[in-house]
>>> print(open('query-v3.cif').read())   # mmCIF, C-alpha atoms; chains and numbers go by the auth columns
data_query
#
loop_
_atom_site.group_PDB
_atom_site.id
_atom_site.type_symbol
_atom_site.label_atom_id
_atom_site.label_comp_id
_atom_site.label_asym_id
_atom_site.label_seq_id
_atom_site.Cartn_x
_atom_site.Cartn_y
_atom_site.Cartn_z
_atom_site.B_iso_or_equiv
_atom_site.auth_seq_id
_atom_site.auth_asym_id
ATOM 1 C CA MET A 1 -41.177 -17.521 -39.417 0.00 1 I
ATOM 2 C CA SER A 2 -42.864 -16.256 -36.270 0.00 2 I
ATOM 3 C CA ALA A 3 -44.463 -12.825 -36.248 0.00 3 I
ATOM 4 C CA PRO A 4 -43.390 -10.393 -33.547 0.00 4 I
ATOM 5 C CA ARG A 5 -45.687 -10.018 -30.537 0.00 5 I
ATOM 6 C CA ARG A 6 -47.587 -6.782 -30.776 0.00 6 I
ATOM 7 C CA ASP A 7 -48.785 -4.471 -28.079 0.00 7 I
ATOM 8 C CA PRO A 8 -52.587 -4.851 -27.745 0.00 8 I
ATOM 9 C CA ASP A 9 -52.932 -1.142 -28.558 0.00 9 I
ATOM 10 C CA HIS A 10 -51.095 -1.546 -31.875 0.00 10 I
ATOM 11 C CA PRO A 11 -53.514 -1.588 -34.842 0.00 11 I
ATOM 12 C CA LEU A 12 -52.705 -5.230 -35.524 0.00 12 I
ATOM 13 C CA GLY A 13 -52.421 -5.988 -31.791 0.00 13 I
ATOM 14 C CA ASP A 14 -52.946 -9.311 -30.109 0.00 14 I
ATOM 15 C CA ARG A 15 -56.310 -10.023 -31.713 0.00 15 I
ATOM 16 C CA ILE A 16 -57.887 -13.283 -32.862 0.00 16 I
ATOM 17 C CA THR A 17 -58.294 -11.977 -36.419 0.00 17 I
ATOM 18 C CA VAL A 18 -54.582 -11.241 -36.636 0.00 18 I
ATOM 19 C CA THR A 19 -53.649 -14.579 -35.062 0.00 19 I
ATOM 20 C CA LEU A 20 -55.862 -16.485 -37.499 0.00 20 I
ATOM 21 C CA HIS A 21 -54.385 -14.576 -40.431 0.00 21 I
ATOM 22 C CA GLU A 22 -50.832 -15.267 -39.235 0.00 22 I
ATOM 23 C CA LEU A 23 -51.694 -18.957 -38.755 0.00 23 I
ATOM 24 C CA VAL A 24 -52.986 -19.257 -42.323 0.00 24 I
ATOM 25 C CA ASP A 25 -49.956 -17.346 -43.601 0.00 25 I
ATOM 26 C CA ALA A 26 -47.582 -19.696 -41.757 0.00 26 I
ATOM 27 C CA LEU A 27 -49.425 -22.781 -43.051 0.00 27 I
ATOM 28 C CA ASP A 28 -49.291 -21.374 -46.587 0.00 28 I
ATOM 29 C CA ASP A 29 -45.538 -20.767 -46.304 0.00 29 I
ATOM 30 C CA ILE A 30 -44.913 -24.305 -45.020 0.00 30 I
ATOM 31 C CA GLY A 31 -47.206 -25.829 -47.650 0.00 31 I
ATOM 32 C CA ASP A 32 -45.610 -23.826 -50.449 0.00 32 I
ATOM 33 C CA ALA A 33 -42.092 -24.886 -49.438 0.00 33 I
ATOM 34 C CA LEU A 34 -43.144 -28.531 -49.131 0.00 34 I
ATOM 35 C CA LEU A 35 -44.877 -28.582 -52.522 0.00 35 I
ATOM 36 C CA ARG A 36 -41.969 -26.855 -54.237 0.00 36 I
ATOM 37 C CA GLU A 37 -39.522 -29.347 -52.740 0.00 37 I
ATOM 38 C CA GLN A 38 -41.480 -32.547 -53.373 0.00 38 I
ATOM 39 C CA PHE A 39 -43.568 -31.759 -56.463 0.00 39 I
ATOM 40 C CA ASP A 40 -41.972 -28.694 -58.069 0.00 40 I
ATOM 41 C CA VAL A 41 -45.269 -26.795 -57.855 0.00 41 I
ATOM 42 C CA THR A 42 -46.325 -23.805 -55.808 0.00 42 I
ATOM 43 C CA LEU A 43 -49.164 -23.779 -53.314 0.00 43 I
ATOM 44 C CA SER A 44 -50.993 -21.433 -55.675 0.00 44 I
ATOM 45 C CA GLN A 45 -50.680 -23.954 -58.519 0.00 45 I
ATOM 46 C CA TYR A 46 -51.831 -26.776 -56.240 0.00 46 I
ATOM 47 C CA LEU A 47 -54.863 -24.767 -55.081 0.00 47 I
ATOM 48 C CA PHE A 48 -55.826 -23.999 -58.697 0.00 48 I
ATOM 49 C CA LEU A 49 -55.780 -27.724 -59.468 0.00 49 I
ATOM 50 C CA ALA A 50 -57.419 -28.788 -56.181 0.00 50 I
ATOM 51 C CA VAL A 51 -60.314 -26.379 -56.737 0.00 51 I
ATOM 52 C CA LEU A 52 -60.675 -27.718 -60.267 0.00 52 I
ATOM 53 C CA ALA A 53 -60.728 -31.267 -58.857 0.00 53 I
ATOM 54 C CA ASP A 54 -63.653 -30.318 -56.599 0.00 54 I
ATOM 55 C CA LEU A 55 -65.701 -28.918 -59.469 0.00 55 I
ATOM 56 C CA ASP A 56 -67.469 -30.731 -62.280 0.00 56 I
ATOM 57 C CA ALA A 57 -65.951 -29.414 -65.528 0.00 57 I
ATOM 58 C CA PRO A 58 -66.245 -25.748 -64.585 0.00 58 I
ATOM 59 C CA ASP A 59 -65.901 -22.949 -67.041 0.00 59 I
ATOM 60 C CA ILE A 60 -63.352 -20.187 -66.545 0.00 60 I
ATOM 61 C CA THR A 61 -65.924 -18.003 -64.777 0.00 61 I
ATOM 62 C CA GLU A 62 -66.781 -20.658 -62.176 0.00 62 I
ATOM 63 C CA GLN A 63 -63.117 -21.530 -61.594 0.00 63 I
ATOM 64 C CA ALA A 64 -62.348 -17.836 -61.061 0.00 64 I
ATOM 65 C CA ARG A 65 -65.253 -17.407 -58.650 0.00 65 I
ATOM 66 C CA CYS A 66 -64.187 -20.416 -56.582 0.00 66 I
ATOM 67 C CA LEU A 67 -60.585 -19.199 -56.461 0.00 67 I
ATOM 68 C CA GLY A 68 -61.632 -15.653 -55.592 0.00 68 I
ATOM 69 C CA VAL A 69 -59.837 -14.171 -58.601 0.00 69 I
ATOM 70 C CA THR A 70 -60.841 -12.599 -61.897 0.00 70 I
ATOM 71 C CA LYS A 71 -61.628 -14.489 -65.097 0.00 71 I
ATOM 72 C CA ALA A 72 -58.607 -12.767 -66.614 0.00 72 I
ATOM 73 C CA ALA A 73 -56.376 -14.221 -63.900 0.00 73 I
ATOM 74 C CA VAL A 74 -57.590 -17.750 -64.638 0.00 74 I
ATOM 75 C CA SER A 75 -57.280 -17.205 -68.398 0.00 75 I
ATOM 76 C CA LYS A 76 -53.734 -15.938 -68.019 0.00 76 I
ATOM 77 C CA ARG A 77 -52.613 -18.914 -65.909 0.00 77 I
ATOM 78 C CA LEU A 78 -54.483 -21.581 -67.851 0.00 78 I
ATOM 79 C CA PRO A 79 -51.943 -22.095 -70.680 0.00 79 I
ATOM 80 C CA SER A 80 -49.206 -23.072 -68.211 0.00 80 I
ATOM 81 C CA PHE A 81 -51.465 -25.726 -66.644 0.00 81 I
ATOM 82 C CA VAL A 82 -52.359 -27.070 -70.084 0.00 82 I
ATOM 83 C CA GLN A 83 -48.697 -27.050 -71.170 0.00 83 I
ATOM 84 C CA ALA A 84 -47.699 -28.931 -67.999 0.00 84 I
ATOM 85 C CA GLY A 85 -50.279 -31.597 -68.887 0.00 85 I
ATOM 86 C CA TRP A 86 -52.405 -31.101 -65.769 0.00 86 I
ATOM 87 C CA VAL A 87 -55.447 -29.505 -67.402 0.00 87 I
ATOM 88 C CA ARG A 88 -57.214 -29.860 -70.703 0.00 88 I
ATOM 89 C CA THR A 89 -59.801 -27.513 -72.098 0.00 89 I
ATOM 90 C CA GLY A 90 -62.947 -28.183 -74.023 0.00 90 I
ATOM 91 C CA THR A 91 -65.997 -26.353 -75.271 0.00 91 I
ATOM 92 C CA ASP A 92 -69.561 -26.530 -74.079 0.00 92 I
ATOM 93 C CA PRO A 93 -71.664 -28.105 -76.835 0.00 93 I
ATOM 94 C CA THR A 94 -74.512 -25.734 -75.939 0.00 94 I
ATOM 95 C CA HIS A 95 -72.345 -22.614 -75.844 0.00 95 I
ATOM 96 C CA ALA A 96 -69.331 -22.683 -78.178 0.00 96 I
ATOM 97 C CA ARG A 97 -67.571 -19.694 -76.586 0.00 97 I
ATOM 98 C CA ARG A 98 -67.667 -21.252 -73.106 0.00 98 I
ATOM 99 C CA VAL A 99 -64.328 -22.907 -72.237 0.00 99 I
ATOM 100 C CA LEU A 100 -64.651 -25.895 -69.908 0.00 100 I
ATOM 101 C CA LEU A 101 -61.771 -27.076 -67.728 0.00 101 I
ATOM 102 C CA HIS A 102 -60.903 -30.690 -66.944 0.00 102 I
ATOM 103 C CA LEU A 103 -58.121 -32.219 -64.882 0.00 103 I
ATOM 104 C CA THR A 104 -56.025 -34.726 -66.781 0.00 104 I
ATOM 105 C CA ASP A 105 -54.919 -37.994 -65.174 0.00 105 I
ATOM 106 C CA PRO A 106 -51.514 -36.470 -64.269 0.00 106 I
ATOM 107 C CA GLY A 107 -53.301 -33.445 -62.786 0.00 107 I
ATOM 108 C CA THR A 108 -55.585 -35.710 -60.760 0.00 108 I
ATOM 109 C CA ARG A 109 -52.587 -37.689 -59.454 0.00 109 I
ATOM 110 C CA LEU A 110 -50.732 -34.498 -58.548 0.00 110 I
ATOM 111 C CA VAL A 111 -53.709 -33.193 -56.559 0.00 111 I
ATOM 112 C CA ALA A 112 -54.127 -36.523 -54.754 0.00 112 I
ATOM 113 C CA ASP A 113 -50.430 -37.044 -53.997 0.00 113 I
ATOM 114 C CA ALA A 114 -49.714 -33.448 -52.976 0.00 114 I
ATOM 115 C CA GLY A 115 -52.878 -33.331 -50.875 0.00 115 I
ATOM 116 C CA GLN A 116 -51.811 -36.450 -48.985 0.00 116 I
ATOM 117 C CA VAL A 117 -48.349 -35.004 -48.338 0.00 117 I
ATOM 118 C CA LEU A 118 -49.775 -31.698 -47.099 0.00 118 I
ATOM 119 C CA ASP A 119 -52.306 -33.436 -44.883 0.00 119 I
ATOM 120 C CA ALA A 120 -49.685 -35.781 -43.442 0.00 120 I
ATOM 121 C CA GLU A 121 -47.257 -32.922 -42.725 0.00 121 I
ATOM 122 C CA PHE A 122 -49.831 -30.675 -41.078 0.00 122 I
ATOM 123 C CA THR A 123 -51.314 -33.590 -39.128 0.00 123 I
ATOM 124 C CA ALA A 124 -47.863 -34.570 -37.849 0.00 124 I
ATOM 125 C CA MET A 125 -47.141 -30.982 -36.808 0.00 125 I
ATOM 126 C CA ALA A 126 -50.490 -30.700 -35.043 0.00 126 I
ATOM 127 C CA ALA A 127 -50.047 -34.060 -33.300 0.00 127 I
ATOM 128 C CA ARG A 128 -47.158 -32.571 -31.319 0.00 128 I
ATOM 129 C CA LEU A 129 -49.617 -30.167 -29.677 0.00 129 I
ATOM 130 C CA THR A 130 -50.724 -32.497 -26.909 0.00 130 I
ATOM 131 C CA ASP A 131 -52.293 -29.739 -24.792 0.00 131 I
ATOM 132 C CA ILE A 132 -54.793 -28.779 -27.528 0.00 132 I
ATOM 133 C CA ASP A 133 -57.901 -30.798 -28.389 0.00 133 I
ATOM 134 C CA LEU A 134 -57.456 -30.692 -32.180 0.00 134 I
ATOM 135 C CA ASP A 135 -60.846 -32.253 -32.902 0.00 135 I
ATOM 136 C CA ALA A 136 -62.584 -29.611 -30.780 0.00 136 I
ATOM 137 C CA LEU A 137 -60.505 -26.856 -32.389 0.00 137 I
ATOM 138 C CA HIS A 138 -61.397 -28.171 -35.850 0.00 138 I
ATOM 139 C CA GLN A 139 -65.103 -28.212 -34.995 0.00 139 I
ATOM 140 C CA ALA A 140 -64.931 -24.697 -33.528 0.00 140 I
ATOM 141 C CA LEU A 141 -63.174 -23.364 -36.635 0.00 141 I
ATOM 142 C CA LYS A 142 -65.748 -25.036 -38.911 0.00 142 I
ATOM 143 C CA THR A 143 -68.541 -23.469 -36.841 0.00 143 I
ATOM 144 C CA LEU A 144 -66.875 -20.064 -37.104 0.00 144 I
ATOM 145 C CA LEU A 145 -66.471 -20.485 -40.867 0.00 145 I
ATOM 146 C CA THR A 146 -70.106 -21.527 -41.292 0.00 146 I
ATOM 147 C CA THR A 147 -71.221 -18.513 -39.260 0.00 147 I
ATOM 148 C CA LEU A 148 -69.120 -16.177 -41.383 0.00 148 I
ATOM 149 C CA HIS A 149 -70.497 -17.658 -44.610 0.00 149 I
ATOM 150 C CA GLU A 150 -74.083 -17.303 -43.335 0.00 150 I
ATOM 151 C CA LYS A 151 -73.417 -13.649 -42.539 0.00 151 I
ATOM 152 C CA ASP A 152 -72.556 -13.085 -46.221 0.00 152 I
ATOM 153 C CA ARG A 153 -76.009 -14.257 -47.306 0.00 153 I
#
>>> encode(input="query-v3.cif", output="structure tokens")
Amino acid sequence: MSAPRRDPDHPLGDRITVTLHELVDALDDIGDALLREQFDVTLSQYLFLAVLADLDAPDITEQARCLGVTKAAVSKRLPSFVQAGWVRTGTDPTHARRVLLHLTDPGTRLVADAGQVLDAEFTAMAARLTDIDLDALHQALKTLLTTLHEKDR
């Protein structure tokens, strides 16, 4: 769904920050619908699993930090991922109260398959934009992201 054009004097106005936010929101909506239709998972569930796939047996604290949520939020969602067979938990032999998270084989396949579908869909949509240099745009966005991350340090 396209957002209404705003007068530049409106608080949200025609600003790059608003445009970037609306772009991410639109991509999230498309990705969520696609994942629900083809894999019966939400984008939020996929992101939980994809972040876990990028980490090496994180504990709940690290998973929460990488997702930008609280430990309680991860703890509350974890049983549904375990019940679905996508995640298994274990303990740290050096710290018995520390719960470690591992993707199962079905979880790993789901992340790989869903990631390929998302990438293919977004790539196909972007390929129709023949008047935009997508490689240059990608590099510029990565540079912007790196700059923003460095500012946080």
>>> resolve_selection(input="query-v3.cif", expression="the PyMOL selection byres ((chain I and resi 48-58) around 8)", output="number ranges by chain")
I: 44-47, 59-63, 66-67, 86, 100-103, 107-108, 111
>>> atom_distance(input="query-v3.cif", atom1="atom CA of I:Thr42", atom2="atom CA of I:Ser75")
17.9 Å
>>> atom_distance(input="query-v3.cif", atom1="atom CA of I:Val87", atom2="atom CA of I:Leu43")
16.5 Å
>>> residues_near_point(input="query-v3.cif", point="(-49.3, -27.6, -45.8)", cutoff="9 Å", atoms="all atoms listed in the file", output="ChimeraX atom specification")
/I:27-35,43,115,117-122
>>> write_last_selection(input="query-v3.cif", atoms="C-alpha atoms", output="PDB file, keeping the file's coordinate frame")
ATOM      1  CA  LEU I  27     -49.425 -22.781 -43.051  1.00  0.00           C
ATOM      2  CA  ASP I  28     -49.291 -21.374 -46.587  1.00  0.00           C
ATOM      3  CA  ASP I  29     -45.538 -20.767 -46.304  1.00  0.00           C
ATOM      4  CA  ILE I  30     -44.913 -24.305 -45.020  1.00  0.00           C
ATOM      5  CA  GLY I  31     -47.206 -25.829 -47.650  1.00  0.00           C
ATOM      6  CA  ASP I  32     -45.610 -23.826 -50.449  1.00  0.00           C
ATOM      7  CA  ALA I  33     -42.092 -24.886 -49.438  1.00  0.00           C
ATOM      8  CA  LEU I  34     -43.144 -28.531 -49.131  1.00  0.00           C
ATOM      9  CA  LEU I  35     -44.877 -28.582 -52.522  1.00  0.00           C
ATOM     10  CA  LEU I  43     -49.164 -23.779 -53.314  1.00  0.00           C
ATOM     11  CA  GLY I 115     -52.878 -33.331 -50.875  1.00  0.00           C
ATOM     12  CA  VAL I 117     -48.349 -35.004 -48.338  1.00  0.00           C
ATOM     13  CA  LEU I 118     -49.775 -31.698 -47.099  1.00  0.00           C
ATOM     14  CA  ASP I 119     -52.306 -33.436 -44.883  1.00  0.00           C
ATOM     15  CA  ALA I 120     -49.685 -35.781 -43.442  1.00  0.00           C
ATOM     16  CA  GLU I 121     -47.257 -32.922 -42.725  1.00  0.00           C
ATOM     17  CA  PHE I 122     -49.831 -30.675 -41.078  1.00  0.00           C
TER      18      PHE I 122
END
>>> atom_distance(input="query-v3.cif", atom1="atom CA of I:Ala112", atom2="atom CA of I:Phe39")
11.7 Å
>>> closest_residue(input="query-v3.cif", among="I:His149, I:Ala114, I:Leu137, I:Thr143", to="I:Glu37", atoms="only C-alpha atoms")
I:Ala114
>>> axis_aligned_box(input="query-v3.cif", around="stretch 54-66 of chain I", padding_each_side="4 Å", output="JSON")
{"center_x": -64.9, "center_y": -24.1, "center_z": -61.8, "size_x": 13.1, "size_y": 21.3, "size_z": 18.5}
